[in-house]
file entry13.cif (mmCIF, C-alpha atoms)
data_input
loop_
_atom_site.label_atom_id
_atom_site.label_comp_id
_atom_site.auth_asym_id
_atom_site.auth_seq_id
_atom_site.Cartn_x
_atom_site.Cartn_y
_atom_site.Cartn_z
CA MET A 1 -12.70 23.17 9.00
CA LYS A 2 -12.52 26.28 6.84
CA ARG A 3 -8.81 26.33 7.38
CA ASN A 4 -8.55 22.73 6.24
CA ILE A 5 -10.27 23.56 3.00
CA LEU A 6 -8.04 26.54 2.43
CA LEU A 7 -4.93 24.51 3.16
CA ALA A 8 -6.06 21.73 0.88
CA SER A 9 -6.75 24.18 -1.92
CA LEU A 10 -3.27 25.59 -1.54
CA ILE A 11 -1.79 22.12 -1.75
CA ILE A 12 -3.75 21.44 -4.90
CA VAL A 13 -2.65 24.72 -6.46
CA ALA A 14 0.95 23.96 -5.61
CA MET A 15 0.81 20.60 -7.39
CA PRO A 16 3.23 20.43 -10.26
CA ALA A 17 1.75 20.00 -13.68
CA LEU A 18 2.51 16.81 -15.52
CA ALA A 19 5.59 17.54 -17.54
CA ASP A 20 6.42 15.48 -20.57
CA ASP A 21 10.02 14.94 -19.59
CA GLY A 22 8.84 12.85 -16.68
CA ARG A 23 10.38 15.24 -14.22
CA MET A 24 7.30 16.30 -12.30
CA ILE A 25 4.32 14.14 -12.08
CA ARG A 26 0.89 14.69 -10.59
CA PRO A 27 0.59 12.81 -7.29
CA VAL A 28 -2.37 10.54 -6.63
CA THR A 29 -5.54 12.66 -6.33
CA ASN A 30 -8.09 9.89 -5.68
CA ALA A 31 -8.61 9.41 -1.94
CA LEU A 32 -9.28 5.67 -2.12
CA THR A 33 -6.22 5.03 -4.29
CA GLN A 34 -4.15 7.12 -1.91
CA SER A 35 -5.23 5.20 1.18
CA GLU A 36 -5.33 1.65 -0.27
CA CYS A 37 -2.18 1.84 -2.39
CA SER A 38 0.00 3.46 0.27
CA ALA A 39 -0.30 0.70 2.88
CA CYS A 40 2.88 -1.12 1.85
CA HIS A 41 4.76 1.52 -0.18
CA MET A 42 4.09 5.09 -1.35
CA ALA A 43 1.08 5.47 -3.66
CA TYR A 44 2.68 5.72 -7.10
CA PRO A 45 1.42 8.48 -9.41
CA ALA A 46 -0.82 7.14 -12.21
CA GLY A 47 1.20 9.04 -14.81
CA PHE A 48 4.21 6.73 -14.40
CA LEU A 49 2.68 3.72 -16.18
CA PRO A 50 0.56 3.15 -19.28
CA ALA A 51 -3.08 2.11 -18.92
CA ARG A 52 -2.38 -1.50 -19.91
CA SER A 53 0.04 -1.83 -16.99
CA TRP A 54 -2.44 -0.51 -14.46
CA LYS A 55 -5.09 -2.87 -15.79
CA LYS A 56 -2.77 -5.82 -15.36
CA ILE A 57 -1.69 -4.73 -11.89
CA MET A 58 -5.29 -4.17 -10.81
CA THR A 59 -6.41 -7.61 -12.02
CA THR A 60 -3.58 -9.56 -10.39
CA LEU A 61 -3.69 -8.14 -6.86
CA GLU A 62 -3.98 -11.62 -5.31
CA ASP A 63 -0.38 -12.14 -6.32
CA HIS A 64 1.12 -8.67 -6.21
CA PHE A 65 4.92 -8.86 -6.18
CA GLY A 66 4.81 -11.86 -3.87
CA GLU A 67 1.95 -10.68 -1.65
CA ASP A 68 -1.81 -10.74 -1.57
CA ALA A 69 -2.99 -7.13 -1.96
CA SER A 70 -6.54 -8.00 -2.98
CA LEU A 71 -9.46 -5.60 -2.51
CA ASP A 72 -13.23 -5.82 -2.52
CA GLU A 73 -14.55 -5.50 -6.08
CA ALA A 74 -16.03 -1.99 -5.69
CA SER A 75 -12.74 -0.53 -4.41
CA ARG A 76 -10.71 -2.43 -6.98
CA ALA A 77 -12.85 -1.11 -9.85
CA GLU A 78 -12.74 2.51 -8.61
CA ILE A 79 -8.96 2.46 -8.25
CA GLU A 80 -8.44 0.82 -11.65
CA ALA A 81 -10.69 3.43 -13.31
CA TYR A 82 -8.77 6.27 -11.67
CA LEU A 83 -5.34 4.91 -12.58
CA VAL A 84 -6.35 4.16 -16.17
CA ALA A 85 -7.93 7.60 -16.64
CA ASN A 86 -4.71 9.27 -15.48
CA ALA A 87 -2.19 6.88 -17.02
CA ALA A 88 0.87 7.96 -19.00
CA ASP A 89 -1.00 7.31 -22.26
CA ALA A 90 -4.48 8.42 -21.16
CA GLY A 91 -6.44 10.20 -23.86
CA GLY A 92 -3.83 9.48 -26.51
CA ARG A 93 -1.16 11.40 -24.63
CA ARG A 94 2.42 10.18 -24.96
CA SER A 95 4.27 11.01 -21.80
CA GLY A 96 8.07 10.99 -21.80
CA VAL A 97 8.04 8.06 -19.40
CA LEU A 98 6.91 5.84 -22.31
CA ARG A 99 9.98 6.65 -24.40
CA ARG A 100 11.44 3.49 -25.97
CA LEU A 101 8.86 1.30 -24.35
CA ASP A 102 7.83 -1.43 -26.76
CA ALA A 103 4.08 -1.25 -27.42
CA ALA A 104 3.93 -5.03 -26.94
CA ASP A 105 5.37 -4.83 -23.42
CA THR A 106 3.19 -4.48 -20.35
CA PRO A 107 5.62 -3.46 -17.59
CA MET A 108 4.55 -4.20 -14.02
CA ARG A 109 7.11 -1.84 -12.56
CA ILE A 110 7.88 1.83 -13.04
CA SER A 111 11.45 0.90 -12.24
CA GLU A 112 11.78 -1.34 -15.28
CA LEU A 113 10.77 1.30 -17.85
CA PRO A 114 13.59 2.22 -20.28
CA TRP A 115 13.13 5.86 -19.28
CA PHE A 116 13.60 4.96 -15.62
CA ARG A 117 16.72 2.92 -16.28
CA ARG A 118 18.34 5.70 -18.28
CA GLU A 119 17.47 8.37 -15.73
CA HIS A 120 18.97 6.34 -12.87
CA SER A 121 21.95 4.66 -14.50
CA GLY A 122 25.18 5.85 -12.93
CA GLU A 123 23.27 8.17 -10.59
CA VAL A 124 23.06 5.90 -7.57
CA SER A 125 25.81 4.02 -5.77
CA PRO A 126 25.13 0.37 -4.85
CA ARG A 127 25.38 1.42 -1.23
CA ARG A 128 22.66 4.02 -1.59
CA LEU A 129 20.39 1.60 -3.39
CA LYS A 130 20.96 -1.00 -0.71
CA LYS A 131 20.09 1.54 1.93
CA ALA A 132 16.89 2.46 0.10
CA GLY A 133 16.04 -1.25 -0.01
CA SER A 134 14.62 -1.23 -3.52
CA TRP A 135 13.97 0.98 -6.54
CA ALA A 136 10.32 0.75 -5.53
CA ASN A 137 11.01 2.99 -2.52
CA CYS A 138 11.08 6.21 -4.57
CA ASN A 139 10.32 8.30 -1.50
CA VAL A 140 13.47 7.24 0.34
CA CYS A 141 15.65 9.00 -2.28
CA HIS A 142 13.13 11.57 -3.52
CA ARG A 143 11.79 13.14 -0.40
CA GLY A 144 9.15 15.10 -2.32
CA ALA A 145 7.93 11.98 -4.17
CA GLU A 146 4.56 11.84 -2.47
CA LYS A 147 3.91 15.41 -3.59
CA GLY A 148 5.05 14.72 -7.14
CA TYR A 149 8.58 16.12 -6.96
CA PHE A 150 11.37 13.91 -8.22
CA GLU A 151 14.02 16.35 -9.33
CA ASP A 152 17.47 16.76 -7.72
CA ASP A 153 17.91 15.80 -4.10
CA MET B 1 -18.48 21.97 -6.41
CA LYS B 2 -19.20 20.14 -3.19
CA LYS B 3 -17.30 17.12 -4.42
CA ALA B 4 -14.34 19.27 -5.41
CA LEU B 5 -14.16 20.56 -1.86
CA ILE B 6 -14.51 17.20 -0.19
CA LEU B 7 -11.74 15.54 -2.16
CA PRO B 8 -8.96 17.96 -1.16
CA VAL B 9 -10.12 17.82 2.45
CA LEU B 10 -9.80 14.04 2.41
CA LEU B 11 -6.36 14.28 0.88
CA ALA B 12 -5.26 16.85 3.40
CA MET B 13 -6.05 14.60 6.33
CA ALA B 14 -3.19 12.40 7.45
CA PRO B 15 -3.69 8.59 7.31
CA PRO B 16 -7.38 7.68 7.22
CA ALA B 17 -8.88 7.52 10.67
CA LEU B 18 -10.23 4.13 11.58
CA ALA B 19 -13.97 3.95 11.79
CA GLY B 20 -13.97 2.46 15.27
CA ASP B 21 -17.00 0.21 14.84
CA THR B 22 -15.75 -2.63 17.03
CA SER B 23 -13.22 -3.69 19.70
CA PRO B 24 -10.82 -6.60 20.19
CA GLY B 25 -13.24 -8.11 22.72
CA ALA B 26 -16.25 -7.81 20.42
CA LEU B 27 -14.31 -9.39 17.55
CA ILE B 28 -13.11 -12.31 19.69
CA GLU B 29 -16.71 -12.90 20.75
CA ALA B 30 -18.06 -12.72 17.20
CA TYR B 31 -15.40 -15.03 15.74
CA SER B 32 -15.81 -17.53 18.62
CA ALA B 33 -19.56 -17.55 18.13
CA GLN B 34 -18.97 -18.32 14.46
CA SER B 35 -16.59 -21.20 15.21
CA GLY B 36 -18.59 -22.51 18.13
CA SER B 37 -15.71 -22.84 20.60
CA ALA B 38 -13.73 -20.69 23.01
CA PRO B 39 -10.56 -18.91 21.82
CA VAL B 40 -7.20 -20.51 22.65
CA PRO B 41 -4.54 -17.77 22.89
CA GLU B 42 -1.69 -20.34 22.84
CA ASN B 43 -2.83 -21.54 19.41
CA GLY B 44 -2.96 -17.97 18.17
CA LYS B 45 0.59 -17.46 19.38
CA ALA B 46 1.83 -20.62 17.63
CA LEU B 47 0.14 -19.64 14.38
CA PHE B 48 1.42 -16.06 14.51
CA LEU B 49 5.04 -16.85 15.37
CA GLY B 50 5.34 -20.14 13.47
CA LYS B 51 6.92 -20.66 10.06
CA HIS B 52 4.55 -21.92 7.37
CA VAL B 53 5.08 -23.42 3.94
CA GLY B 54 1.68 -23.19 2.24
CA GLY B 55 1.87 -19.52 1.29
CA LYS B 56 4.04 -17.24 -0.81
CA PRO B 57 7.80 -17.86 -0.46
CA ASP B 58 8.70 -14.33 0.70
CA THR B 59 6.29 -14.38 3.63
CA PRO B 60 6.75 -17.56 5.69
CA SER B 61 5.38 -16.07 8.92
CA CYS B 62 3.21 -13.32 10.35
CA ALA B 63 6.34 -12.36 12.27
CA THR B 64 8.12 -11.66 8.95
CA CYS B 65 6.40 -8.28 8.95
CA HIS B 66 4.92 -7.98 12.45
CA THR B 67 8.09 -9.20 14.29
CA ASN B 68 8.31 -11.77 17.08
CA ASP B 69 7.22 -9.19 19.61
CA PRO B 70 3.87 -7.67 18.57
CA ARG B 71 4.30 -4.98 21.19
CA LYS B 72 6.97 -3.55 18.91
CA GLY B 73 6.59 -2.07 15.45
CA GLY B 74 7.36 -4.17 12.41
CA GLN B 75 7.97 -3.42 8.77
CA ALA B 76 6.56 -4.35 5.37
CA ARG B 77 8.85 -6.05 2.86
CA THR B 78 9.43 -2.64 1.30
CA GLY B 79 10.79 -1.36 4.62
CA LYS B 80 7.70 0.73 5.38
CA PRO B 81 7.12 0.75 9.16
CA ILE B 82 4.10 -1.09 10.57
CA ASP B 83 2.66 -0.02 13.92
CA PRO B 84 2.62 -2.57 16.79
CA MET B 85 -0.12 -5.23 16.70
CA ALA B 86 -0.82 -5.55 20.43
CA PRO B 87 -3.84 -3.43 21.40
CA SER B 88 -2.19 -2.65 24.76
CA VAL B 89 0.38 -0.46 22.99
CA ASN B 90 -1.68 0.43 19.90
CA PRO B 91 -5.33 1.00 20.85
CA LYS B 92 -6.31 1.48 17.18
CA ARG B 93 -5.85 -2.23 16.51
CA PHE B 94 -8.96 -4.37 15.97
CA THR B 95 -11.40 -1.47 16.03
CA ASP B 96 -12.54 -1.51 12.37
CA THR B 97 -14.25 -4.66 11.13
CA ARG B 98 -13.63 -4.11 7.41
CA PHE B 99 -9.98 -3.25 7.95
CA VAL B 100 -9.44 -6.32 10.13
CA GLU B 101 -11.19 -8.60 7.62
CA LYS B 102 -9.28 -7.18 4.67
CA TRP B 103 -5.88 -7.77 6.27
CA PHE B 104 -6.72 -11.20 7.69
CA ARG B 105 -7.76 -12.25 4.19
CA ARG B 106 -4.63 -10.86 2.51
CA ASN B 107 -2.08 -11.85 5.10
CA CYS B 108 -3.40 -15.35 5.81
CA ASN B 109 -3.38 -15.91 2.04
CA SER B 110 0.19 -14.63 1.75
CA VAL B 111 1.50 -16.64 4.71
CA LEU B 112 -0.67 -19.78 4.77
CA GLY B 113 -1.91 -19.91 1.20
CA ARG B 114 -5.51 -19.89 2.49
CA GLU B 115 -7.83 -17.75 4.53
CA CYS B 116 -7.80 -18.04 8.31
CA SER B 117 -10.78 -19.70 9.98
CA ALA B 118 -12.97 -17.86 12.47
CA GLN B 119 -11.37 -19.96 15.22
CA GLU B 120 -7.87 -18.93 14.13
CA LYS B 121 -8.86 -15.26 14.02
CA ALA B 122 -10.31 -15.47 17.54
CA ASP B 123 -7.15 -17.25 18.77
CA ILE B 124 -4.85 -14.63 17.26
CA ILE B 125 -6.75 -11.61 18.58
CA ALA B 126 -7.03 -13.29 22.00
CA TRP B 127 -3.27 -13.82 22.12
CA LEU B 128 -2.43 -10.31 20.93
CA SER B 129 -4.86 -8.85 23.47
CA SER B 130 -3.16 -10.78 26.28
CA LEU B 131 0.20 -9.09 25.68
#
call {"tool": "encode", "arguments": {"input": "entry13.cif", "output": "C-alpha cells"}}
result
Amino acid sequence: MKRNILLASLIIVAMPALADDGRMIRPVTNALTQSECSACHMAYPAGFLPARSWKKIMTTLEDHFGEDASLDEASRAEIEAYLVANAADAGGRRSGVLRRLDAADTPMRISELPWFRREHSGEVSPRRLKKAGSWANCNVCHRGAEKGYFEDD
Amino acid sequence: MKKALILPVLLAMAPPALAGDTSPGALIEAYSAQSGSAPVPENGKALFLGKHVGGKPDTPSCATCHTNDPRKGGQARTGKPIDPMAPSVNPKRFTDTRFVEKWFRRNCNSVLGRECSAQEKADIIAWLSSL
C-alpha cells in the first residue's frame, strides 16, 4: 500500500507540465474520467479542446460519433466539470492548441483543430494512418500518449 | 491531504476492478423474474448474432464489436480490444450490476435503437453462459 502511494506520487511528479506549444499535455487526472472515457479509446487530455467543445461532447453522449456513450447524470456532470475546468481555454488561458481556431467554431474532435492538422500534415503516410485506424487513436502512434507525451516517436 | 493521496492511488491501479456484486446466474434470475418467463438462450443467440436496422448505421449487430464467437475477444470501432463475453473464458463478465446495466443500455440503443427488455437481457446472458 505504502509502495503504491510512493509510486503514484512519482508518476504525478513525472507528469509533464502543460506547455503552450501543445507538445506536452497533462494526462487525465480525474479517476472517473479516466475509467469512463477510456472504454472505447484512450482518455483524451482535457487540455486538447476548449471548454465549449467538452460541454457539447458531454451533452450529446447518446449519439457520440455514431455510438451511445451515455452515462448516469451524476457521472456525466462530474466528468463535464473536470474537463471544462482543465480545458485549453480554462481560466482565460490560451493554449497553443487553439491557434487559428475560429471562436464561433465548436470542434467535436481534437483531430480537426487547425493546430492538429498543421502538426500532422505531411508527417504520416497513408499506410501508417490506415494501420492506426483513425486519427482518434493517438496512442497507436504516440506510445506515451496516455502519460501526456506526444513528441517524436 | 487524504483526497490527494487517494486520487493518485486510484490512477496508479490498472483498469478499475469490477465490484463483483452479482453473477451471471443471479442476473438471469433477476431479469427473468422481472419479465415473468423463463430465459430462452436460442433467442439470445439470434438477437446477439443477428443484423438489425433500428439502431445507428455503424453498429448493425452485437457481433460487430463482440464477434460471432463470444468466446473470443472482439474490438471496438476504434480498434481497441474487447475481452471475450462468455463467462466460461472471462469470469469477470456479468459480475457488476451497474456495469452490466450501463452497457446493455448503451449497446442496445446503438444496435437496436431502443433499450433491451428484461426478457432479452436474460436470454442473452443465458446464451453466453451456455458457451
call {"tool": "residues_near_point", "arguments": {"input": "entry13.cif", "point": "(7.1, -6.2, -12.1)", "cutoff": "12 Å", "atoms": "only C-alpha atoms", "output": "list of chain:residue names"}}
result
A:Leu49, A:Ser53, A:Trp54, A:Lys56, A:Ile57, A:Thr60, A:Asp63, A:His64, A:Phe65, A:Gly66, A:Asp105, A:Thr106, A:Pro107, A:Met108, A:Arg109, A:Ile110, A:Ser111, A:Glu112, A:Leu113, A:Trp135, A:Ala136
call {"tool": "resolve_selection", "arguments": {"input": "entry13.cif", "expression": "the PyMOL selection byres ((chain B and resi 60-62) around 9)", "output": "compact mmCIF listing (two decimals) with C-alpha atoms, in the frame of the given file"}}
result
# COMPACT_ATOMS: atom_id res chain seq x y z
CA LEU B 47 0.14 -19.64 14.38
CA PHE B 48 1.42 -16.06 14.51
CA LEU B 49 5.04 -16.85 15.37
CA GLY B 50 5.34 -20.14 13.47
CA LYS B 51 6.92 -20.66 10.06
CA HIS B 52 4.55 -21.92 7.37
CA VAL B 53 5.08 -23.42 3.94
CA GLY B 54 1.68 -23.19 2.24
CA GLY B 55 1.87 -19.52 1.29
CA LYS B 56 4.04 -17.24 -0.81
CA PRO B 57 7.80 -17.86 -0.46
CA ASP B 58 8.70 -14.33 0.70
CA THR B 59 6.29 -14.38 3.63
CA ALA B 63 6.34 -12.36 12.27
CA THR B 64 8.12 -11.66 8.95
CA CYS B 65 6.40 -8.28 8.95
CA HIS B 66 4.92 -7.98 12.45
CA THR B 67 8.09 -9.20 14.29
CA ASN B 68 8.31 -11.77 17.08
CA ASN B 107 -2.08 -11.85 5.10
CA CYS B 108 -3.40 -15.35 5.81
CA SER B 110 0.19 -14.63 1.75
CA VAL B 111 1.50 -16.64 4.71
CA LEU B 112 -0.67 -19.78 4.77
call {"tool": "atom_distance", "arguments": {"input": "entry13.cif", "atom1": "atom CA of Asp89 of chain A", "atom2": "atom CA of Trp115 of chain A"}}
result
14.5 Å
call {"tool": "atom_distance", "arguments": {"input": "entry13.cif", "atom1": "atom CA of His120 of chain A", "atom2": "atom CA of Ser134 of chain A"}}
result
12.8 Å
call {"tool": "atom_distance", "arguments": {"input": "entry13.cif", "atom1": "atom CA of Gly44 of chain B", "atom2": "atom CA of Ala122 of chain B"}}
result
7.8 Å
call {"tool": "residues_around", "arguments": {"input": "entry13.cif", "residues": "Ala81 of chain A", "least_positions_apart": "3", "cutoff": "10 Å", "atoms": "all atoms listed in the file", "output": "MDAnalysis selection string"}}
result
chainID A and resid 51 54:55 58 75:78 84:87
call {"tool": "closest_residue", "arguments": {"input": "entry13.cif", "among": "A:Glu151, A:Glu73, A:Glu80, A:Glu146", "to": "Ala43 of chain A", "atoms": "all atoms listed in the file"}}
result
A:Glu146
call {"tool": "residues_near_point", "arguments": {"input": "entry13.cif", "point": "(-9.0, -18.2, 13.3)", "cutoff": "10 Å", "atoms": "only C-alpha atoms", "output": "ChimeraX atom specification"}}
result
/B:28,31-32,35,39-40,43-44,47,104,108,115-125
call {"tool": "closest_residue", "arguments": {"input": "entry13.cif", "among": "A:Leu129, A:Leu101, A:Val124, A:Leu71", "to": "chain B", "atoms": "only C-alpha atoms"}}
result
A:Leu71
call {"tool": "residues_around", "arguments": {"input": "entry13.cif", "residues": "Ser38 of chain A", "least_positions_apart": "4", "cutoff": "10 Å", "atoms": "all atoms listed in the file", "output": "MDAnalysis selection string"}}
result
(chainID A and resid 32:34 42:44 146) or (chainID B and resid 15 80)
call {"tool": "write_last_selection", "arguments": {"input": "entry13.cif", "atoms": "C-alpha atoms", "output": "CSV table (one decimal), in the coordinates of the input"}}
result
chain,number,residue,atom,x,y,z
A,32,LEU,CA,-9.3,5.7,-2.1
A,33,THR,CA,-6.2,5.0,-4.3
A,34,GLN,CA,-4.2,7.1,-1.9
A,42,MET,CA,4.1,5.1,-1.4
A,43,ALA,CA,1.1,5.5,-3.7
A,44,TYR,CA,2.7,5.7,-7.1
A,146,GLU,CA,4.6,11.8,-2.5
B,15,PRO,CA,-3.7,8.6,7.3
B,80,LYS,CA,7.7,0.7,5.4
call {"tool": "build_atoms", "arguments": {"input": "entry13.cif", "residues": "segment 38-62 of chain B", "atoms": "N, CA and C atoms", "output": "PDB file, keeping the file's coordinate frame"}}
result
ATOM      1  N   ALA B  38     -14.442 -21.789  22.341  1.00  0.00           N
ATOM      2  CA  ALA B  38     -13.730 -20.690  23.010  1.00  0.00           C
ATOM      3  C   ALA B  38     -12.368 -20.459  22.368  1.00  0.00           C
ATOM      4  N   PRO B  39     -11.880 -19.207  22.394  1.00  0.00           N
ATOM      5  CA  PRO B  39     -10.560 -18.910  21.820  1.00  0.00           C
ATOM      6  C   PRO B  39      -9.432 -19.529  22.649  1.00  0.00           C
ATOM      7  N   VAL B  40      -8.360 -19.956  21.971  1.00  0.00           N
ATOM      8  CA  VAL B  40      -7.200 -20.510  22.650  1.00  0.00           C
ATOM      9  C   VAL B  40      -5.980 -19.649  22.301  1.00  0.00           C
ATOM     10  N   PRO B  41      -5.631 -18.709  23.198  1.00  0.00           N
ATOM     11  CA  PRO B  41      -4.540 -17.770  22.890  1.00  0.00           C
ATOM     12  C   PRO B  41      -3.236 -18.476  22.497  1.00  0.00           C
ATOM     13  N   GLU B  42      -2.929 -19.615  23.156  1.00  0.00           N
ATOM     14  CA  GLU B  42      -1.690 -20.340  22.840  1.00  0.00           C
ATOM     15  C   GLU B  42      -1.635 -20.763  21.374  1.00  0.00           C
ATOM     16  N   ASN B  43      -2.790 -21.165  20.825  1.00  0.00           N
ATOM     17  CA  ASN B  43      -2.830 -21.540  19.410  1.00  0.00           C
ATOM     18  C   ASN B  43      -2.607 -20.334  18.506  1.00  0.00           C
ATOM     19  N   GLY B  44      -3.162 -19.202  18.933  1.00  0.00           N
ATOM     20  CA  GLY B  44      -2.960 -17.970  18.170  1.00  0.00           C
ATOM     21  C   GLY B  44      -1.490 -17.596  18.132  1.00  0.00           C
ATOM     22  N   LYS B  45      -0.833 -17.765  19.282  1.00  0.00           N
ATOM     23  CA  LYS B  45       0.590 -17.460  19.380  1.00  0.00           C
ATOM     24  C   LYS B  45       1.394 -18.354  18.439  1.00  0.00           C
ATOM     25  N   ALA B  46       1.095 -19.659  18.466  1.00  0.00           N
ATOM     26  CA  ALA B  46       1.830 -20.620  17.630  1.00  0.00           C
ATOM     27  C   ALA B  46       1.642 -20.295  16.147  1.00  0.00           C
ATOM     28  N   LEU B  47       0.415 -19.955  15.787  1.00  0.00           N
ATOM     29  CA  LEU B  47       0.140 -19.640  14.380  1.00  0.00           C
ATOM     30  C   LEU B  47       0.874 -18.367  13.962  1.00  0.00           C
ATOM     31  N   PHE B  48       0.856 -17.375  14.830  1.00  0.00           N
ATOM     32  CA  PHE B  48       1.420 -16.060  14.510  1.00  0.00           C
ATOM     33  C   PHE B  48       2.950 -16.107  14.424  1.00  0.00           C
ATOM     34  N   LEU B  49       3.570 -16.844  15.328  1.00  0.00           N
ATOM     35  CA  LEU B  49       5.040 -16.850  15.370  1.00  0.00           C
ATOM     36  C   LEU B  49       5.636 -17.966  14.518  1.00  0.00           C
ATOM     37  N   GLY B  50       4.828 -18.976  14.182  1.00  0.00           N
ATOM     38  CA  GLY B  50       5.340 -20.140  13.470  1.00  0.00           C
ATOM     39  C   GLY B  50       5.729 -19.849  12.032  1.00  0.00           C
ATOM     40  N   LYS B  51       6.560 -20.744  11.477  1.00  0.00           N
ATOM     41  CA  LYS B  51       6.920 -20.660  10.060  1.00  0.00           C
ATOM     42  C   LYS B  51       6.019 -21.613   9.284  1.00  0.00           C
ATOM     43  N   HIS B  52       5.492 -21.125   8.161  1.00  0.00           N
ATOM     44  CA  HIS B  52       4.550 -21.920   7.370  1.00  0.00           C
ATOM     45  C   HIS B  52       5.086 -22.125   5.962  1.00  0.00           C
ATOM     46  N   VAL B  53       4.595 -23.146   5.285  1.00  0.00           N
ATOM     47  CA  VAL B  53       5.080 -23.420   3.940  1.00  0.00           C
ATOM     48  C   VAL B  53       4.011 -23.287   2.855  1.00  0.00           C
ATOM     49  N   GLY B  54       2.757 -23.184   3.243  1.00  0.00           N
ATOM     50  CA  GLY B  54       1.680 -23.190   2.240  1.00  0.00           C
ATOM     51  C   GLY B  54       1.530 -21.907   1.425  1.00  0.00           C
ATOM     52  N   GLY B  55       2.124 -20.808   1.907  1.00  0.00           N
ATOM     53  CA  GLY B  55       1.870 -19.520   1.290  1.00  0.00           C
ATOM     54  C   GLY B  55       2.932 -19.086   0.291  1.00  0.00           C
ATOM     55  N   LYS B  56       3.075 -17.778   0.142  1.00  0.00           N
ATOM     56  CA  LYS B  56       4.040 -17.240  -0.810  1.00  0.00           C
ATOM     57  C   LYS B  56       5.438 -17.295  -0.187  1.00  0.00           C
ATOM     58  N   PRO B  57       6.462 -17.599  -0.995  1.00  0.00           N
ATOM     59  CA  PRO B  57       7.800 -17.860  -0.460  1.00  0.00           C
ATOM     60  C   PRO B  57       8.416 -16.701   0.343  1.00  0.00           C
ATOM     61  N   ASP B  58       8.073 -15.461   0.019  1.00  0.00           N
ATOM     62  CA  ASP B  58       8.700 -14.330   0.700  1.00  0.00           C
ATOM     63  C   ASP B  58       8.094 -14.036   2.069  1.00  0.00           C
ATOM     64  N   THR B  59       6.978 -14.671   2.376  1.00  0.00           N
ATOM     65  CA  THR B  59       6.290 -14.380   3.630  1.00  0.00           C
ATOM     66  C   THR B  59       5.964 -15.656   4.400  1.00  0.00           C
ATOM     67  N   PRO B  60       6.988 -16.304   4.989  1.00  0.00           N
ATOM     68  CA  PRO B  60       6.750 -17.560   5.690  1.00  0.00           C
ATOM     69  C   PRO B  60       6.001 -17.414   7.021  1.00  0.00           C
ATOM     70  N   SER B  61       5.956 -16.228   7.577  1.00  0.00           N
ATOM     71  CA  SER B  61       5.380 -16.070   8.920  1.00  0.00           C
ATOM     72  C   SER B  61       4.732 -14.701   9.089  1.00  0.00           C
ATOM     73  N   CYS B  62       3.767 -14.624   9.998  1.00  0.00           N
ATOM     74  CA  CYS B  62       3.210 -13.320  10.350  1.00  0.00           C
ATOM     75  C   CYS B  62       4.318 -12.433  10.912  1.00  0.00           C
TER      76      CYS B  62
END
